[in-house]
Amino acid sequence: IEEKPPIFITSLPRAGTTIVLNALHDLPGVATHLYRDMPFIMAPLLWSRMSGGFQQNAELRERAHGDGIKVGFDSPEAFEEVIWRHFWPNHYHDDRIDLWTAADKDDEARDFLKKHFRKIVSLRTGPGGRYVSKNNGNIARLDLLNDLFHDGKIIVPLRDPAEHAASLLRQHQNFLKQHAEDAFVRRYMNDIGHLEFGQLHRPIAFPGLADLTHGIDATSPDYWLAYWVAAMEHTVARSDHLLILPEQTLQNDPQTIMKSVCALTGLGADDHDFTTHFRQIAPRADRAVFDPALLDRADALYASMSQTGRGQLGL
């Protein structure tokens, strides 16, 4: 299996990373993790051989987020965090996840990741395939990813801050309830490194986050808006090696935008129809619940990043 530049889709959760992943997953030659790769994430070839005799088909069901996205055994999913937590356990604390920098470069981990990506390609497409990752945790590793995979591409979906913060809060409340009612849900999410919400919530320690969230907790709308601001201020400083994908632009013309994404990342889209993955979503957030000064700061940042993204897409 030839080593080809990987493609990383990352942002804060609820930014649209799963939708972009699903859209690219339909392309021939795209290789991703699937739900079938559980539970032996770090040994995909061995597990595929072991489980081949008793694999089952399954009807698509709405995922635990309750957001209308349906998944089955052959749906793409984010499992990479298992590997990152294995090689960099010191970044994970009870109350936070530390940022990775270029100084965290580890040759053993890099070699493992590259070989792992080729294993996934071998399973999914065979020779000529490209590994595509969706991992929200990678937003904490923008510097290191750029250092480890010089020719890789990093796509960052961008969502309106008020809408995004409101969605983050809804999911936090959703998983607080699920974790309290079902120990398996909590254990499963912890095992695969999904520490974004509920009882497992550990924020990524973006610069300035502690000051922005001082005196407020994760049940407050302002907490999640502050999280958005800290995350995007960290991200925009690295926009020269990212492809920013504004949600509104994507919703308005998904076919044109996704064709541009494919061209910029070297994926062959041909006449593929992307429109079935995207739909117009009416605003749901009550902007009055947010601190006005913080919301103004977020809106200004969103406008600037959207302009940068449109420029990168040639619009």
# chains A, B, ... in the order shown; residues from 1 in each chain; ligands from 1

$ residues_around --residues "Thr32 of chain A" --least-positions-apart "6" --cutoff "8 Å" --atoms "only C-alpha atoms" --output "PyMOL selection string"
chain A and resi 25+76-77+120-121+124+131-133

$ select_by_dssp --residues "segment 218-295 of chain A" --states "strand (DSSP E or B)" --output "MDAnalysis selection string"
chainID A and resid 243:246

$ write_last_selection --atoms "N, CA and C atoms" --output "compact mmCIF listing (two decimals), in the first residue's frame"
# COMPACT_ATOMS: atom_id res chain seq x y z
N LEU A 243 -7.54 24.30 5.66
CA LEU A 243 -8.60 24.65 4.73
C LEU A 243 -9.86 24.86 5.55
N ILE A 244 -10.25 26.13 5.70
CA ILE A 244 -11.42 26.48 6.51
C ILE A 244 -12.67 26.39 5.64
N LEU A 245 -13.68 25.73 6.18
CA LEU A 245 -14.88 25.41 5.41
C LEU A 245 -16.10 26.03 6.10
N PRO A 246 -16.49 27.26 5.72
CA PRO A 246 -17.63 27.91 6.38
C PRO A 246 -18.93 27.16 6.11

$ atom_distance --atom1 "atom CA of Met258 of chain A" --atom2 "atom CA of Pro28 of chain A"
14.8 Å

$ closest_residue --among "A:Lys119, A:Lys105, A:Arg159, A:Arg130" --to "Pro5 of chain A" --atoms "only C-alpha atoms"
A:Arg130

$ closest_residue --among "A:His201, A:His93, A:Arg238, A:His172" --to "Thr219 of chain A" --atoms "only C-alpha atoms"
A:His172

$ residues_around --residues "Arg202 of chain A" --least-positions-apart "3" --cutoff "10 Å" --atoms "only C-alpha atoms" --output "list in words"
Tyr92, His93, Asp94, Asp95, Arg96, Ile97, Asp98, His194, Leu195, Glu196, Phe197, Gly198, Gln199 and Ala205 of chain A

$ closest_residue --among "A:Lys134, A:Ser48, A:Tyr188, A:Ala230" --to "Asn22 of chain A" --atoms "only C-alpha atoms"
A:Lys134

$ residues_around --residues "Arg49 of chain A" --least-positions-apart "6" --cutoff "12 Å" --atoms "only C-alpha atoms" --output "PyMOL selection string"
chain A and resi 36-37+40+43+55+123

$ select_by_dssp --residues "segment 53-233 of chain A" --states "helix (DSSP H, G or I)" --output "count of residues only"
95

$ residues_around --residues "Asp106 of chain A" --least-positions-apart "2" --cutoff "12 Å" --atoms "only C-alpha atoms" --output "list of chain:residue names"
A:Trp84, A:Phe87, A:Trp88, A:Trp100, A:Thr101, A:Ala102, A:Ala103, A:Asp104, A:Glu108, A:Ala109, A:Arg110, A:Asp111, A:Phe112, A:Leu113, A:Leu144, A:Leu145, A:Asp147, A:Leu148

$ residues_around --residues "Arg284 of chain A" --least-positions-apart "5" --cutoff "12 Å" --atoms "only C-alpha atoms" --output "list of chain:residue names"
A:Asp160, A:Pro161, A:Ala162, A:Glu163, A:His164, A:Ala165, A:Ala166, A:Ser167, A:Arg170

$ residues_around --residues "Leu294 of chain A" --least-positions-apart "2" --cutoff "10 Å" --atoms "only C-alpha atoms" --output "number ranges by chain"
A: 212, 222, 225-226, 229, 290-292, 296-299

$ closest_residue --among "A:Leu24, A:Val156, A:Leu209, A:Ala218" --to "Thr308 of chain A" --atoms "only C-alpha atoms"
A:Val156

$ atom_distance --atom1 "atom CA of Lys153 of chain A" --atom2 "atom CA of Asn138 of chain A"
12.3 Å

$ atom_distance --atom1 "atom CA of Ala288 of chain A" --atom2 "atom CA of Lys177 of chain A"
25.5 Å

$ closest_residue --among "A:Leu264, A:Thr235, A:Leu168, A:Phe117" --to "Thr10 of chain A" --atoms "only C-alpha atoms"
A:Thr235
